[in-house]
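This is coords09.csv. It holds CSV, C-alpha atoms and all ligand atoms.
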```csv
chain,number,residue,atom,x,y,z
A,578,MET,CA,-31.8,16.7,6.5
A,579,GLN,CA,-31.5,18.0,3.0
A,580,ASP,CA,-33.8,16.6,0.3
A,581,ILE,CA,-32.0,13.6,-1.4
A,582,GLU,CA,-33.6,14.2,-4.7
A,583,GLN,CA,-32.6,17.8,-4.7
A,584,ILE,CA,-28.9,16.9,-4.0
A,585,ALA,CA,-29.1,14.1,-6.6
A,586,GLY,CA,-30.3,16.7,-9.1
A,587,LYS,CA,-27.3,18.9,-8.3
A,588,VAL,CA,-24.9,15.9,-8.9
A,589,ARG,CA,-26.7,15.1,-12.2
A,590,ALA,CA,-26.2,18.7,-13.2
A,591,GLY,CA,-22.4,18.4,-12.7
A,592,ALA,CA,-22.3,20.6,-9.6
A,593,ARG,CA,-20.0,20.0,-6.6
A,594,VAL,CA,-21.5,18.6,-3.4
A,595,ASN,CA,-20.5,20.1,0.0
A,596,ARG,CA,-19.9,18.2,3.2
A,597,ALA,CA,-23.5,18.3,4.4
A,598,GLU,CA,-24.8,17.2,1.0
A,599,ALA,CA,-22.3,14.4,0.8
A,600,LEU,CA,-23.2,13.2,4.2
A,601,ALA,CA,-26.9,13.2,3.5
A,602,LEU,CA,-26.3,11.2,0.3
A,603,TYR,CA,-23.9,8.7,2.0
A,604,GLN,CA,-26.2,8.1,4.9
A,605,HIS,CA,-29.7,8.3,3.4
A,606,ALA,CA,-29.7,7.8,-0.4
A,607,PRO,CA,-30.8,4.4,-1.6
A,608,THR,CA,-27.8,2.3,-2.7
A,609,ALA,CA,-29.3,2.0,-6.3
A,610,LEU,CA,-29.5,5.8,-6.5
A,611,LEU,CA,-25.9,6.3,-5.2
A,612,GLY,CA,-24.8,3.8,-7.8
A,613,GLN,CA,-26.6,5.5,-10.6
A,614,LEU,CA,-25.2,8.9,-9.7
A,615,ALA,CA,-21.6,7.5,-9.5
A,616,ASP,CA,-22.1,5.6,-12.8
A,617,GLU,CA,-23.3,8.7,-14.5
A,618,ILE,CA,-20.2,10.6,-13.4
A,619,ARG,CA,-18.0,7.7,-14.6
A,620,ALA,CA,-19.8,7.7,-17.9
A,621,ARG,CA,-19.3,11.5,-18.3
A,622,LYS,CA,-15.6,11.1,-17.6
A,623,HIS,CA,-15.1,7.9,-19.6
A,624,PRO,CA,-17.8,7.8,-22.3
A,625,GLU,CA,-15.8,5.3,-24.4
A,626,ARG,CA,-16.8,2.4,-22.0
A,627,VAL,CA,-13.2,1.3,-21.6
A,628,VAL,CA,-12.1,-0.2,-18.2
A,629,THR,CA,-8.4,-0.3,-17.6
A,630,TYR,CA,-6.0,-2.4,-15.5
A,631,ILE,CA,-2.3,-2.6,-15.0
A,632,ILE,CA,0.1,-5.6,-15.0
A,633,ASP,CA,2.5,-4.9,-12.2
A,634,ARG,CA,3.7,-6.7,-9.1
A,635,ASN,CA,3.1,-5.7,-5.5
A,636,VAL,CA,6.5,-6.3,-3.7
A,637,ASN,CA,7.0,-5.7,0.0
A,638,TYR,CA,10.8,-5.4,0.4
A,639,THR,CA,10.7,-5.8,4.2
A,640,ASN,CA,8.1,-6.7,6.9
A,641,VAL,CA,10.2,-5.3,9.7
A,642,CYS,CA,8.5,-2.2,11.0
A,643,VAL,CA,8.8,0.1,14.0
A,644,ALA,CA,5.5,1.8,13.4
A,645,ARG,CA,3.3,-1.0,14.8
A,646,CYS,CA,-0.1,0.1,13.5
A,647,ASN,CA,-2.7,-1.9,15.3
A,648,PHE,CA,-4.7,-2.7,12.2
A,649,CYS,CA,-1.7,-4.3,10.5
A,650,ALA,CA,-1.2,-8.1,10.4
A,651,PHE,CA,1.8,-7.9,8.1
A,652,TYR,CA,4.6,-6.3,10.1
A,653,ARG,CA,7.1,-8.1,12.4
A,654,PRO,CA,8.9,-6.2,15.2
A,655,VAL,CA,12.7,-5.5,14.9
A,656,GLY,CA,14.6,-8.7,15.8
A,657,SER,CA,11.6,-11.1,15.1
A,658,GLY,CA,12.7,-14.5,13.6
A,659,GLU,CA,9.9,-13.9,11.0
A,660,GLY,CA,11.3,-10.6,9.9
A,661,TYR,CA,12.8,-10.4,6.4
A,662,VAL,CA,14.5,-8.0,4.0
A,663,LEU,CA,14.5,-9.0,0.3
A,664,GLY,CA,17.9,-9.1,-1.4
A,665,PHE,CA,18.5,-7.1,-4.6
A,666,ASP,CA,18.8,-10.4,-6.5
A,667,GLU,CA,15.4,-11.6,-5.2
A,668,ILE,CA,13.9,-8.3,-6.4
A,669,PHE,CA,15.5,-8.7,-9.8
A,670,ARG,CA,14.0,-12.2,-10.1
A,671,LYS,CA,10.6,-10.8,-9.3
A,672,ILE,CA,11.1,-8.2,-12.0
A,673,ASP,CA,12.0,-10.9,-14.5
A,674,GLU,CA,8.8,-12.8,-13.7
A,675,THR,CA,6.7,-9.6,-13.9
A,676,MET,CA,8.1,-8.8,-17.4
A,677,ALA,CA,7.4,-12.4,-18.5
A,678,LEU,CA,3.7,-11.7,-17.7
A,679,GLY,CA,3.8,-8.5,-19.7
A,680,GLY,CA,4.3,-6.2,-16.7
A,681,GLY,CA,6.4,-3.1,-16.6
A,682,GLN,CA,6.3,-1.8,-13.0
A,683,LEU,CA,6.8,-2.7,-9.4
A,684,LEU,CA,4.6,-1.4,-6.6
A,685,LEU,CA,7.3,-1.4,-4.0
A,686,GLN,CA,6.3,-0.8,-0.4
A,687,GLY,CA,7.5,-2.1,3.0
A,688,GLY,CA,7.8,-1.7,6.7
A,689,HIS,CA,9.7,1.1,8.5
A,690,ASN,CA,12.9,-0.9,9.0
A,691,PRO,CA,15.5,1.0,11.0
A,692,ASP,CA,18.4,-1.0,9.4
A,693,LEU,CA,17.6,0.2,5.9
A,694,PRO,CA,19.0,3.7,5.4
A,695,LEU,CA,18.2,6.0,2.5
A,696,GLU,CA,21.4,4.7,0.8
A,697,TRP,CA,19.9,1.2,0.6
A,698,TYR,CA,16.9,2.5,-1.3
A,699,GLU,CA,19.2,4.6,-3.6
A,700,ASP,CA,21.4,1.6,-4.4
A,701,LEU,CA,18.3,-0.6,-5.1
A,702,PHE,CA,16.6,1.9,-7.4
A,703,ARG,CA,19.9,2.7,-9.2
A,704,SER,CA,20.6,-1.0,-9.8
A,705,VAL,CA,17.0,-1.7,-11.0
A,706,LYS,CA,17.2,1.1,-13.5
A,707,ALA,CA,20.7,0.0,-14.7
A,708,ARG,CA,19.4,-3.5,-15.4
A,709,TYR,CA,15.9,-2.6,-16.6
A,710,PRO,CA,16.0,1.0,-17.9
A,711,GLU,CA,12.4,1.1,-19.0
A,712,PHE,CA,10.9,-0.6,-15.9
A,713,LYS,CA,8.9,1.7,-13.6
A,714,LEU,CA,9.2,2.1,-9.8
A,715,HIS,CA,5.9,3.1,-8.2
A,716,ALA,CA,7.4,3.1,-4.7
A,717,LEU,CA,7.3,4.2,-1.1
A,718,SER,CA,4.1,5.5,0.3
A,719,PRO,CA,4.1,8.8,2.2
A,720,PRO,CA,4.8,7.3,5.7
A,721,GLU,CA,7.8,5.5,4.3
A,722,VAL,CA,9.1,8.8,2.9
A,723,ILE,CA,8.5,10.4,6.4
A,724,HIS,CA,10.4,7.5,8.0
A,725,LEU,CA,13.3,8.2,5.6
A,726,THR,CA,13.3,11.9,6.5
A,727,ARG,CA,13.7,10.9,10.1
A,728,MET,CA,16.5,8.4,9.3
A,729,SER,CA,18.4,10.7,7.0
A,730,ARG,CA,17.5,14.0,8.7
A,731,LEU,CA,16.6,15.4,5.3
A,732,SER,CA,13.4,17.3,4.5
A,733,ILE,CA,10.5,15.7,2.6
A,734,GLY,CA,11.6,17.5,-0.5
A,735,GLY,CA,15.2,16.4,0.0
A,736,VAL,CA,14.3,12.7,0.3
A,737,ILE,CA,12.0,12.9,-2.7
A,738,GLU,CA,14.7,14.6,-4.7
A,739,ARG,CA,17.3,12.0,-3.8
A,740,LEU,CA,14.9,9.2,-4.8
A,741,VAL,CA,13.8,10.8,-8.1
A,742,ALA,CA,17.5,11.2,-9.0
A,743,VAL,CA,18.0,7.4,-8.8
A,744,GLY,CA,14.8,6.4,-10.6
A,745,LEU,CA,11.6,6.8,-8.5
A,746,ASP,CA,8.8,7.2,-11.0
A,747,SER,CA,5.7,7.7,-8.9
A,748,ILE,CA,4.4,7.4,-5.3
A,749,PRO,CA,1.6,5.0,-4.2
A,750,GLY,CA,-1.0,6.5,-1.9
A,751,GLY,CA,-0.8,3.9,0.8
A,752,GLY,CA,-0.6,4.7,4.5
A,753,ALA,CA,-3.4,7.2,4.3
A,754,GLU,CA,-5.9,5.1,6.3
A,755,ILE,CA,-8.2,7.9,7.3
A,756,LEU,CA,-6.7,11.4,7.1
A,757,VAL,CA,-8.1,12.5,10.5
A,758,ASP,CA,-5.7,12.6,13.4
A,759,ARG,CA,-8.3,11.5,16.0
A,760,VAL,CA,-8.6,8.2,14.0
A,761,ARG,CA,-4.8,7.9,13.4
A,762,LYS,CA,-4.1,8.2,17.1
A,763,ILE,CA,-6.5,5.3,17.9
A,764,LEU,CA,-5.0,3.2,15.1
A,765,ASN,CA,-1.5,3.9,16.4
A,766,CYS,CA,-0.5,5.3,13.0
A,767,TYR,CA,-0.4,9.0,14.0
A,768,ASN,CA,3.4,8.8,14.8
A,769,LYS,CA,4.2,7.2,11.4
A,770,ALA,CA,2.6,10.2,9.7
A,771,THR,CA,0.0,12.7,10.7
A,772,ALA,CA,-2.8,13.6,8.2
A,773,ASP,CA,-0.9,16.8,7.4
A,774,GLU,CA,2.4,14.9,6.9
A,775,TRP,CA,0.8,12.4,4.5
A,776,LEU,CA,-0.7,15.3,2.4
A,777,ASP,CA,2.5,17.2,2.5
A,778,VAL,CA,4.5,14.3,1.1
A,779,MET,CA,2.0,14.2,-1.8
A,780,ARG,CA,2.2,18.0,-2.2
A,781,HIS,CA,6.0,17.7,-2.5
A,782,ALA,CA,5.8,14.8,-4.9
A,783,HIS,CA,3.4,16.6,-7.1
A,784,ARG,CA,5.6,19.7,-7.0
A,785,ALA,CA,8.6,17.5,-8.1
A,786,GLY,CA,6.5,16.4,-11.1
A,787,LEU,CA,5.6,13.0,-9.8
A,788,ARG,CA,2.0,11.6,-10.2
A,789,THR,CA,0.6,9.7,-7.2
A,790,THR,CA,-2.5,7.8,-6.2
A,791,ALA,CA,-4.6,8.3,-3.1
A,792,THR,CA,-6.2,5.6,-0.9
A,793,MET,CA,-8.6,5.3,1.9
A,794,MET,CA,-8.9,2.3,4.3
A,795,TYR,CA,-12.3,2.5,6.1
A,796,GLY,CA,-14.4,0.4,8.4
A,797,HIS,CA,-12.5,0.4,11.7
A,798,VAL,CA,-12.9,3.2,14.3
A,799,GLU,CA,-13.9,6.2,12.1
A,800,THR,CA,-17.3,7.9,11.7
A,801,PRO,CA,-19.0,8.5,8.3
A,802,GLU,CA,-18.2,12.2,8.8
A,803,GLU,CA,-14.5,11.3,9.1
A,804,ARG,CA,-14.5,9.2,5.9
A,805,LEU,CA,-16.0,12.2,4.1
A,806,GLU,CA,-13.4,14.5,5.8
A,807,HIS,CA,-10.7,12.3,4.3
A,808,MET,CA,-12.3,12.6,0.8
A,809,PHE,CA,-12.6,16.4,1.1
A,810,ARG,CA,-9.0,16.8,2.2
A,811,LEU,CA,-8.0,14.8,-0.9
A,812,ARG,CA,-10.3,16.9,-3.1
A,813,ASP,CA,-8.7,20.1,-1.7
A,814,LEU,CA,-5.2,18.9,-2.5
A,815,GLN,CA,-6.2,17.8,-5.9
A,816,ASP,CA,-7.6,21.3,-6.5
A,817,GLU,CA,-4.3,22.7,-5.4
A,818,MET,CA,-1.8,20.4,-7.2
A,819,GLY,CA,-3.7,18.2,-9.6
A,820,GLY,CA,-1.2,15.4,-9.2
A,821,PHE,CA,-3.4,12.4,-8.1
A,822,THR,CA,-4.1,9.9,-10.9
A,823,ALA,CA,-6.6,7.8,-9.0
A,824,PHE,CA,-8.5,7.1,-5.8
A,825,ILE,CA,-8.6,3.6,-4.3
A,826,THR,CA,-10.7,2.7,-1.3
A,827,TRP,CA,-10.9,-0.7,0.6
A,828,SER,CA,-12.3,-2.0,3.8
A,829,TYR,CA,-10.2,-2.7,6.8
A,830,GLN,CA,-9.2,-6.4,7.0
A,831,PRO,CA,-9.4,-7.5,10.6
A,832,GLU,CA,-8.1,-11.0,10.9
A,833,HIS,CA,-4.9,-11.5,12.9
A,834,THR,CA,-4.7,-7.8,13.8
A,835,GLU,CA,-4.3,-6.4,17.3
A,836,LEU,CA,-7.3,-4.1,16.7
A,837,GLY,CA,-9.7,-7.0,15.6
A,838,GLY,CA,-13.3,-6.4,14.8
A,839,PHE,CA,-15.4,-7.1,11.7
A,840,GLU,CA,-15.1,-6.4,8.1
A,841,ALA,CA,-17.4,-3.9,6.4
A,842,THR,CA,-20.0,-5.5,4.1
A,843,GLY,CA,-20.1,-5.5,0.3
A,844,VAL,CA,-22.9,-2.9,0.2
A,845,GLU,CA,-21.0,-0.6,2.5
A,846,TYR,CA,-18.0,-0.9,0.1
A,847,LEU,CA,-20.1,-0.1,-2.9
A,848,ARG,CA,-21.7,2.9,-1.2
A,849,THR,CA,-18.3,4.2,-0.1
A,850,LEU,CA,-16.9,3.8,-3.6
A,851,ALA,CA,-19.9,5.6,-5.1
A,852,ILE,CA,-19.8,8.6,-2.7
A,853,GLY,CA,-16.0,8.7,-3.4
A,854,ARG,CA,-16.9,9.2,-7.1
A,855,ILE,CA,-19.4,11.9,-6.3
A,856,VAL,CA,-17.2,13.8,-3.9
A,857,LEU,CA,-13.9,13.5,-5.8
A,858,ASP,CA,-15.1,15.2,-8.9
A,859,ASN,CA,-11.6,16.3,-9.7
A,860,PHE,CA,-10.2,12.7,-9.8
A,861,ASP,CA,-10.3,11.0,-13.2
A,862,ASN,CA,-9.9,7.4,-12.1
A,863,LEU,CA,-11.4,5.2,-9.4
A,864,GLN,CA,-10.0,1.7,-8.9
A,865,ALA,CA,-12.1,-1.4,-7.9
A,866,SER,CA,-10.4,-3.1,-5.0
A,867,TRP,CA,-11.0,-6.7,-6.0
A,868,VAL,CA,-8.0,-7.9,-3.8
A,869,THR,CA,-10.0,-7.1,-0.6
A,870,GLN,CA,-13.6,-7.4,-1.9
A,871,GLY,CA,-13.2,-10.4,-4.2
A,872,GLY,CA,-13.7,-10.6,-7.9
A,873,LYS,CA,-17.5,-10.5,-7.8
A,874,VAL,CA,-17.8,-7.3,-5.8
A,875,GLY,CA,-14.8,-5.9,-7.8
A,876,GLN,CA,-16.8,-6.5,-10.9
A,877,LEU,CA,-19.9,-4.8,-9.4
A,878,SER,CA,-17.7,-1.8,-8.6
A,879,LEU,CA,-17.8,-1.0,-12.3
A,880,GLY,CA,-21.4,0.0,-11.9
A,881,TYR,CA,-20.7,2.1,-8.8
A,882,GLY,CA,-18.1,4.6,-10.1
A,883,ALA,CA,-15.0,2.5,-10.8
A,884,ASN,CA,-13.4,2.7,-14.2
A,885,ASP,CA,-10.3,0.7,-13.4
A,886,MET,CA,-9.7,-2.9,-12.1
A,887,GLY,CA,-6.4,-2.0,-10.5
A,888,SER,CA,-3.5,-4.4,-10.8
A,889,VAL,CA,-3.1,-8.1,-11.5
A,890,MET,CA,-0.7,-7.8,-8.6
A,891,ILE,CA,1.1,-11.2,-9.1
A,892,GLU,CA,2.2,-11.1,-5.5
A,893,GLU,CA,0.5,-9.9,-2.3
A,894,ASN,CA,1.5,-10.1,1.4
A,895,VAL,CA,-0.2,-7.4,3.4
A,896,VAL,CA,-3.9,-8.2,2.8
A,897,ARG,CA,-3.2,-11.9,2.8
A,898,ALA,CA,-1.7,-11.6,6.3
A,899,ALA,CA,-5.1,-10.1,7.4
A,900,GLY,CA,-7.1,-13.0,6.0
A,901,ALA,CA,-8.0,-12.1,2.4
A,902,ALA,CA,-6.4,-14.1,-0.4
A,903,TYR,CA,-8.2,-13.4,-3.7
A,904,CYS,CA,-6.4,-13.9,-6.9
A,905,MET,CA,-7.3,-12.7,-10.5
A,906,ASP,CA,-4.8,-13.1,-13.3
A,907,GLU,CA,-5.1,-11.0,-16.5
A,908,ILE,CA,-7.5,-13.5,-18.2
A,909,GLU,CA,-9.8,-13.4,-15.2
A,910,ILE,CA,-9.7,-9.6,-14.9
A,911,VAL,CA,-10.5,-9.2,-18.6
A,912,ARG,CA,-13.3,-11.7,-18.3
A,913,ASN,CA,-14.9,-9.7,-15.5
A,914,ILE,CA,-14.5,-6.4,-17.3
A,915,GLU,CA,-16.1,-7.7,-20.6
A,916,ASN,CA,-18.9,-9.6,-18.8
A,917,ALA,CA,-19.8,-6.2,-17.2
A,918,GLY,CA,-20.2,-4.7,-20.7
A,919,PHE,CA,-16.9,-2.8,-21.0
A,920,THR,CA,-13.8,-3.1,-23.2
A,921,ALA,CA,-10.6,-4.1,-21.3
A,922,LYS,CA,-7.4,-2.2,-22.0
A,923,ARG,CA,-4.0,-2.4,-20.4
A,924,ARG,CA,-2.6,0.9,-19.0
A,925,ASN,CA,0.5,2.3,-17.3
A,926,MET,CA,0.6,4.2,-14.0
A,927,HIS,CA,-0.3,7.5,-15.8
A,928,TYR,CA,-3.5,5.8,-17.1
A,929,GLU,CA,-2.2,5.9,-20.6
A,930,ILE,CA,-3.6,3.0,-22.7
A,931,LEU,CA,-0.8,0.6,-23.6
A,932,GLY,CA,-2.9,-1.8,-25.6
A,933,ASP,CA,-5.1,-4.9,-25.6
A,934,PRO,CA,-4.6,-7.8,-23.1
A,935,VAL,CA,-1.2,-9.4,-23.4
A,936,PHE,CA,-2.7,-13.0,-23.4
A,937,LEU,CA,-4.4,-12.2,-26.7
A,938,GLU,CA,-0.9,-11.6,-28.3
A,939,LYS,CA,1.3,-14.2,-26.6
A,940,ASP,CA,1.1,-17.2,-24.3
A,941,VAL,CA,1.4,-16.3,-20.7
A,942,PRO,CA,1.2,-18.7,-17.8
A,943,ARG,CA,-2.1,-18.9,-15.9
A,944,MET,CA,-1.7,-17.5,-12.3
A,945,LEU,CA,-4.1,-19.2,-9.9
A,946,SER,CA,-2.7,-17.9,-6.7
A,947,LEU,CA,-0.7,-14.8,-5.8
A,948,ALA,CA,3.0,-15.3,-5.0
A,949,THR,CA,4.4,-14.3,-1.6
A,950,ALA,CA,7.5,-12.3,-0.8
A,951,ARG,CA,9.4,-15.4,0.0
A,952,ALA,CA,9.0,-19.1,0.4
A,953,GLU,CA,7.9,-20.1,3.9
A,954,GLY,CA,10.8,-20.7,6.3
A,955,ASP,CA,13.3,-18.8,4.1
A,956,ALA,CA,15.2,-16.7,6.7
A,957,SER,CA,18.2,-15.8,4.6
A,958,VAL,CA,19.8,-12.4,5.0
A,959,PRO,CA,20.9,-10.6,1.9
A,960,ALA,CA,24.6,-10.3,1.5
A,961,GLU,CA,24.5,-6.6,0.6
A,962,LEU,CA,23.0,-5.6,4.0
A,963,VAL,CA,26.4,-5.5,5.6
A,964,GLN,CA,27.3,-2.5,3.5
A,965,TYR,CA,24.8,-0.5,5.5
A,966,PRO,CA,25.4,0.4,9.1
A,967,ALA,CA,23.1,-1.4,11.5
A,968,ARG,CA,21.0,0.9,13.7
A,969,SER,CA,18.8,-1.5,15.8
A,970,ARG,CA,20.2,-3.3,18.8
A,971,ALA,CA,18.9,-6.6,17.3
A,972,GLU,CA,20.7,-6.2,14.0
A,973,LYS,CA,23.9,-5.2,15.7
A,974,ALA,CA,23.7,-8.3,17.9
A,975,ARG,CA,22.9,-10.5,14.9
A,976,ARG,CA,26.0,-9.2,13.1
A,977,SER,CA,28.3,-9.6,16.1
A,978,ARG,CA,27.2,-13.2,16.3
A,979,GLY,CA,28.3,-13.5,12.7
B,1001,LIG,S1,0.8,-0.6,8.1
B,1001,LIG,FE1,2.9,-0.3,7.3
B,1001,LIG,S2,3.7,1.2,8.8
B,1001,LIG,FE2,1.9,0.2,9.8
B,1001,LIG,S3,2.8,-1.5,10.9
B,1001,LIG,FE3,2.1,-2.3,8.9
B,1001,LIG,S4,4.0,-2.2,7.7
B,1001,LIG,FE4,4.3,-0.9,9.5
```

Let me see the structure of the file written as structure tokens.
Ligand code: SF4
Amino acid sequence: MQDIEQIAGKVRAGARVNRAEALALYQHAPTALLGQLADEIRARKHPERVVTYIIDRNVNYTNVCVARCNFCAFYRPVGSGEGYVLGFDEIFRKIDETMALGGGQLLLQGGHNPDLPLEWYEDLFRSVKARYPEFKLHALSPPEVIHLTRMSRLSIGGVIERLVAVGLDSIPGGGAEILVDRVRKILNCYNKATADEWLDVMRHAHRAGLRTTATMMYGHVETPEERLEHMFRLRDLQDEMGGFTAFITWSYQPEHTELGGFEATGVEYLRTLAIGRIVLDNFDNLQASWVTQGGKVGQLSLGYGANDMGSVMIEENVVRAAGAAYCMDEIEIVRNIENAGFTAKRRNMHYEILGDPVFLEKDVPRMLSLATARAEGDASVPAELVQYPARSRAEKARRSRG
């Protein structure tokens, strides 16, 4: 084993760690030391002691999914009575509510629904941009893009080009899980996108001029070496393209999933975040995942390499389905940032500072729980869906019944 103090000295001198050094730190460095190293890097990159956050809304346009990842408690199979697709008018209402809270973006992700062709996404994006020209669409993680390549028989570049033409602004880094195919096969998410396919979507997005984020969901079946392999693959792509704005990691949420198991502890989260800051020396921003870790660990993250508190979210469906239901509105996020000794600033997806907290300038309603995609029991089917040909047997049967 390499000497921990020697590797720590290398990190302090601003040098890059290799895989063996990263593993030695991750497995053997005291948690306080890992935190110090990560905090020093954060301070070098962000000496102004500003911690940012974004006001946007996390909207899941459908929960119907053919991928069936075994760690996911959110999806419903095709034909399920609990499956939904949001109507364009429902999405417009969500945008109106987001704007009332000072938000300017949707994080739009959903299941791989065989009855939503590329044209549905194009019409949605086009109509959002026609109604709200300045509003941003941070939409469709790489596996959703891969799903659309299969539905449309277009290339990755072809799908991205079509989506950019109708208003796609940036791509969220979801669906990465662990970018190692051995792990993806066990999680039943290899078919939705291999590690190379996920990275390739990001490569094409960056080439098309889009910025994207990168994520990592750990704490299920992967080894520590595989977590680091994931980070090194991201670091390599960032060296190549430079298009990632931020890295976000969170622990697997096991409740109500087929895979089951236990959730990683808070210390494991902080250690993983800190090693992320050390390995990903070419990423400017690391988000704290308070939505899975809770506000208190989210706040502690600011001492373990994070310089951003993520999003106020407004709505959340995926993590809630797996048992976590934390909520922080803008007032609470700012309180946590300031209490940790930082100045809080609003940002956009490009991490450009937009200004001070909105609630200092105008009255905004308090938000004490996150909204859901739909009210419970609402099984309505959007009127516009009939404009798109049904592909699944279940949807064809539903339509023939009228
Ligand atoms: S994680 Fe995404 S792709 Fe996988 S089953 Fe859930 S909704 Fe589908």

Would you work out the distance separating CA of Pro624 (chain A) from CA of Met926 (chain A), expressed in Å to one decimal? 20.5 Å

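Between Ile618 (chain A) and the residues A:Ala590, A:Ile672, A:Val705, A:Ala841, the shortest atom-to-atom distance, using only C-alpha atoms, involves A:Ala590.
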
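Here the question is which of A:Tyr630, A:Ile748, A:Val856, A:Arg812 gets nearest to Glu909 (chain A) using all atoms listed in the file, and that residue is A:Tyr630.
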
Residues within 9 Å of ligand LIG 1001 (chain B) should be enumerated using only C-alpha atoms and all ligand atoms and returned as a PyMOL selection string. chain A and resi 637+639-654+686-690+720-721+751-752+754+765-766+769+895

Taking 5 positions as the minimum chain separation for residues in the same chain, which residues sit within 10 Å of Val911 (chain A) when counting all atoms listed in the file? Answer as a list in words. Val628, Thr629, Tyr630, Met886, Met905, Asp906, Asn916, Ala917, Phe919, Thr920, Ala921, Lys922, Arg923, Asp933, Pro934 and Phe936 of chain A

List every protein, DNA or RNA residue that has at least one atom no more than 12 Å from (-2.7, 23.9, -7.4) in the file's coordinates, counting only C-alpha atoms, and write the result as a PyMOL selection string. chain A and resi 780-781+783-784+812-821+859

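Compared by their closest atoms to Arg621 (chain A), and using all atoms listed in the file, the residues A:Gly932, A:Thr834, A:Pro694, A:Gly591 rank with A:Gly591 nearest.
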
Point-to-point distance from CA of Gly796 (chain A) to CA of Gly853 (chain A), Å rounded to tenths: 14.5 Å

Neighbour list for region 959-964 of chain A as an mmCIF file with C-alpha atoms, in the frame of the given file, cut-off 10 Å, only C-alpha atoms, skip fewer than 6 positions in-chain:
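This is the output file selection.cif:
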```cif
data_model
loop_
_atom_site.group_PDB
_atom_site.id
_atom_site.type_symbol
_atom_site.label_atom_id
_atom_site.label_comp_id
_atom_site.auth_asym_id
_atom_site.auth_seq_id
_atom_site.Cartn_x
_atom_site.Cartn_y
_atom_site.Cartn_z
ATOM 1 C CA TYR A 661 12.800 -10.400 6.400
ATOM 2 C CA VAL A 662 14.500 -8.000 4.000
ATOM 3 C CA LEU A 663 14.500 -9.000 0.300
ATOM 4 C CA GLY A 664 17.900 -9.100 -1.400
ATOM 5 C CA PHE A 665 18.500 -7.100 -4.600
ATOM 6 C CA ASP A 666 18.800 -10.400 -6.500
ATOM 7 C CA GLU A 667 15.400 -11.600 -5.200
ATOM 8 C CA ASP A 692 18.400 -1.000 9.400
ATOM 9 C CA LEU A 693 17.600 0.200 5.900
ATOM 10 C CA GLU A 696 21.400 4.700 0.800
ATOM 11 C CA TRP A 697 19.900 1.200 0.600
ATOM 12 C CA ARG A 976 26.000 -9.200 13.100
#
```

Please, can region 615-624 of chain A be completed to N, CA, C and O atoms and returned as a tab-separated table (two decimals), in the frame of the given file?
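Saved file result.tsv follows:
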```tsv
chain	number	residue	atom	x	y	z
A	615	ALA	N	-23.07	7.75	-9.32
A	615	ALA	CA	-21.60	7.50	-9.50
A	615	ALA	C	-21.39	7.00	-10.95
A	615	ALA	O	-20.42	7.39	-11.60
A	616	ASP	N	-22.29	6.15	-11.44
A	616	ASP	CA	-22.10	5.60	-12.80
A	616	ASP	C	-22.27	6.69	-13.84
A	616	ASP	O	-21.57	6.68	-14.86
A	617	GLU	N	-23.17	7.63	-13.58
A	617	GLU	CA	-23.30	8.70	-14.50
A	617	GLU	C	-22.07	9.59	-14.61
A	617	GLU	O	-21.66	10.04	-15.68
A	618	ILE	N	-21.45	9.81	-13.45
A	618	ILE	CA	-20.20	10.60	-13.40
A	618	ILE	C	-19.11	9.82	-14.17
A	618	ILE	O	-18.36	10.36	-14.99
A	619	ARG	N	-19.03	8.51	-13.87
A	619	ARG	CA	-18.00	7.70	-14.60
A	619	ARG	C	-18.26	7.74	-16.08
A	619	ARG	O	-17.31	7.90	-16.85
A	620	ALA	N	-19.52	7.69	-16.50
A	620	ALA	CA	-19.80	7.70	-17.90
A	620	ALA	C	-19.46	9.07	-18.56
A	620	ALA	O	-19.03	9.14	-19.72
A	621	ARG	N	-19.65	10.16	-17.79
A	621	ARG	CA	-19.30	11.50	-18.30
A	621	ARG	C	-17.77	11.59	-18.50
A	621	ARG	O	-17.28	12.15	-19.47
A	622	LYS	N	-17.02	11.03	-17.52
A	622	LYS	CA	-15.60	11.10	-17.60
A	622	LYS	C	-14.95	10.10	-18.54
A	622	LYS	O	-13.87	10.32	-19.08
A	623	HIS	N	-15.62	8.98	-18.71
A	623	HIS	CA	-15.10	7.90	-19.60
A	623	HIS	C	-16.18	7.37	-20.48
A	623	HIS	O	-16.64	6.24	-20.34
A	624	PRO	N	-16.61	8.19	-21.43
A	624	PRO	CA	-17.80	7.80	-22.30
A	624	PRO	C	-17.46	6.63	-23.20
A	624	PRO	O	-18.37	6.03	-23.76
```
